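Chemist: Please find one structure pasted underneath; my questions will follow.
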Amino acid sequence: MATRQKNANGMVYDFSHIRQEIHDYLDHGNLNELLPFNPTAENLAEWVVNKFPLCYRCTIQESEGNIAQAYDDAFPIEAQYLM
């Protein structure tokens, strides 16, 4: 997440909202049934980037040493705050 200013609570984005939107939705579910795409790590990372307007990058770790990343190439990284 990136922004030029923090919200009224002094945060870039509230982690509890991220948790609610991603973890609480996907946790212990069948990803093939919950998502309209093949749930590869690459596709999941892209889904997260597209889900949150302030998100410019997402990293998904499948296992130790195996990660996939997705970037929003159009995101203007002129941010003062990154998380």
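A note on labels: chains of the structure tokens are A, B, ... as shown, every chain counts residues from 1, and ligands are counted from 1 in their shown order.
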Would you kindly return, as a PyMOL selection string, each protein, DNA or RNA residue with an atom no farther than 7 Å from any atom of Asp72 of chain A, considering only C-alpha atoms and excluding same-chain residues fewer than 6 positions away?
Modeler: chain A and resi 49+56-57
Chemist: Determine, counting only C-alpha atoms, which protein, DNA and RNA residues have an atom within 9 Å of an atom of segment 29-42 of chain A; residues of the same chain fewer than 5 positions away are not included. Present the result as a CSV table (one decimal) with N, CA and C atoms, in the first residue's frame.
Modeler:
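Saved file around.csv follows:
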```
chain,number,residue,atom,x,y,z
A,47,TRP,N,-4.7,-10.6,-7.9
A,47,TRP,CA,-6.1,-10.4,-7.3
A,47,TRP,C,-6.0,-9.4,-6.2
A,59,THR,N,3.1,-9.8,-2.5
A,59,THR,CA,4.0,-11.0,-2.6
A,59,THR,C,3.2,-12.1,-1.9
A,60,ILE,N,3.2,-13.3,-2.6
A,60,ILE,CA,2.6,-14.5,-2.0
A,60,ILE,C,3.7,-15.5,-1.8
A,61,GLN,N,3.8,-16.0,-0.6
A,61,GLN,CA,4.8,-17.1,-0.4
A,61,GLN,C,4.1,-18.4,-0.3
A,62,GLU,N,4.4,-19.3,-1.3
A,62,GLU,CA,3.8,-20.6,-1.4
A,62,GLU,C,4.4,-21.5,-0.3
A,67,ILE,N,8.1,-17.7,-3.9
A,67,ILE,CA,7.2,-16.6,-3.9
A,67,ILE,C,6.8,-16.2,-5.3
A,68,ALA,N,5.7,-15.5,-5.3
A,68,ALA,CA,5.2,-14.9,-6.5
A,68,ALA,C,4.8,-13.5,-6.2
A,69,GLN,N,5.1,-12.5,-7.1
A,69,GLN,CA,4.8,-11.1,-6.9
A,69,GLN,C,4.0,-10.6,-8.0
A,70,ALA,N,3.1,-9.7,-7.7
A,70,ALA,CA,2.4,-8.9,-8.8
A,70,ALA,C,2.5,-7.5,-8.5
```
Chemist: Between atom CA of Ser16 of chain A and atom CA of Phe52 of chain A, what distance in Å does the model show, to one decimal?
Modeler: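 Here the two named atoms are 13.3 Å from each other.
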Chemist: Going by DSSP on the backbone, which residues of chain A come out as strand (DSSP E)? List them as a PyMOL selection string.
Modeler: chain A and resi 2-3+57-63+66-71+81-82
Chemist: For each of A:Asn66, A:Asn9, A:Gln20, A:Phe75, take the minimum atom-to-atom distance to Pro53 of chain A, counting only C-alpha atoms, then give the residue where this is smallest.
Modeler: A:Phe75
Chemist: Taking the chain letters and numbering used in this document, name the residues of segment 25-68 of chain A that DSSP puts in helix (DSSP H, G or I), as a ChimeraX atom specification.
Modeler: /A:25-26,31-34,41-51
Chemist: Using Å and a single decimal, report how far atom CA of Cys58 of chain A sits from atom CA of Glu46 of chain A.
Modeler: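 We find that atom CA of Glu46 of chain A and atom CA of Cys58 of chain A lie 7.3 Å from each other.
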Chemist: May I ask for the distance between atom CA of Thr3 of chain A and atom CA of Asp27 of chain A, given in Å to one decimal place?
Modeler: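 Interatomic distance here is 28.0 Å.
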Chemist: Find, counting only C-alpha atoms, the residue in A:Tyr71, A:Ala2, A:Gly10, A:Ile18 that gets nearest to Asn43 of chain A.
Modeler: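 Answer, going by the shortest atom-to-atom distance: A:Tyr71.
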